[in-house]
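First comes the structure, then the notes that go with it.
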Amino acid sequence: MKKYIIGFILLGFALFFFGTDKGRMAKQVAKSYLVKPVYINEEGTTISQRCLLPEGFVRTSYPEGSFQNYLQQYRLKPFGAKVINYNGEDYLYQGGHVGVLELPVPDNGLQQCADALIRIRSEYLWQQNRKQEIGFNFTSGHYCSWQQYADGFRPIIDGNKVTFRKTAAKDHSEANFYRYLNLIFMYSGTLSLYDELPQVKAVDEVEVGDMLIYPGSPGHVIMVVDKAMHTNGRKLFIFAQGNTPAQSVHVLKNPNDGNLSPWYEIEIGEYLEIPTYYFNEVKFVRFK
């Protein structure tokens, strides 16, 4: 392992001094391997149990049954679990996470960063018997709901033109629900989420379940899965992400502050580094 860490560090320094995007990414990878998160309970089996609170902070409490509480109580694999790619192989980089969510990774390769968060939201609504609320825009802007799909309507896609026709029998089964999600994974992403969802304009308004997003092709998106507040007004956040290639959803380390990791302190509009990625501008959207 030492030789890999040294290699990452050397690669990071070499590329960083050339000022390239790859250099920044390599530097973050190297930093992440060196960060040993302080606020970790290795015995914790949920996100809120795994991530301990810094002194003076209180975890934000949400009503039972809320999406926020659902995320805080999301089950994690045992500490030390690896991030696994959709093909069953270990992800090359294992130095950026403190927990892996108990969320299967389909072997079709479709469940990438935005898709993983769409799935989490959709499964929550399904479990809450709020199935009529499940629906997302395609990148083209056309809305596709689970109810519509379950009733047998399928998109007919011609470039950016989309029409829906009833071409299948009604099927409201769970198996068909996951076929619907695969369709959403194919035609939705960070661009459609950013265009469709309301923005969160201030850190004081950011809640668990909100998503820090860069809309692009490719873009990236991560989700707030825990939040803590101090009596002096400071707010800290825990993030989880899916990624490309499609892989286990995992709770992130903070490569910027080893004394705070895995908690993040953020500012809207500022630059932020996470393991394997950086956001030039912090901006959030929220599921409806």
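Ordering of the structure tokens sets the chain letters (A, B, ...), residue numbers begin anew at 1 in every chain, and ligands are numbered from 1 in the order given.
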Open item on the list: Applying 12 Å and only C-alpha atoms, which residues near Val251 in chain A remain after dropping the ones on its own chain fewer than 2 positions away? List them as a PyMOL selection string.
Closed with: chain A and resi 37+40+46-48+50-51+71-72+74-77+79-83+94-102+222-226+237-243+248-249+253-254+261-264+274-275
Open item on the list: So that I can check the surroundings of Glu265 in chain A, please list as a PyMOL selection string every protein, DNA and RNA residue that reaches within 9 Å of it, counting only C-alpha atoms and ignoring chain neighbours fewer than 5 positions away.
Closed with: chain A and resi 234-237+260
- [ ] Quick one: everything within 12 Å of range 187-194 of chain A, counting only C-alpha atoms, minus sequence neighbours fewer than 3 positions away in the same chain. Send it as a count of residues only.
- [x] 54
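Using only C-alpha atoms, the smallest distance between any of A:Phe185, A:Tyr62, A:Trp146, A:Phe153 and Ser173 in chain A comes from A:Trp146.
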- [ ] Report as a PyMOL selection string: the residues of range 131-202 of chain A with a DSSP assignment of strand (DSSP E), based on the backbone of this structure.
- [x] chain A and resi 135-137+143-145+153-158+161-166+199-200
- [ ] Could you jot down the CA of Glu273 in chain A to CA of Lys201 in chain A separation for me, Å, one decimal place?
- [x] 19.7 Å
TODO: Apply DSSP to the structure's backbone, then extract all residues of range 94-200 of chain A labelled helix (DSSP H, G or I) and return them as JSON, numbers by chain.
DONE: {"A": [113, 114, 115, 116, 117, 118, 119, 120, 121, 122, 123, 124, 125, 126, 127, 131, 132, 133, 146, 147, 148, 149, 150, 174, 175, 176, 177, 178, 179, 180, 181, 182, 183, 184, 185, 186, 187, 190, 191, 192, 193, 194, 195, 196]}
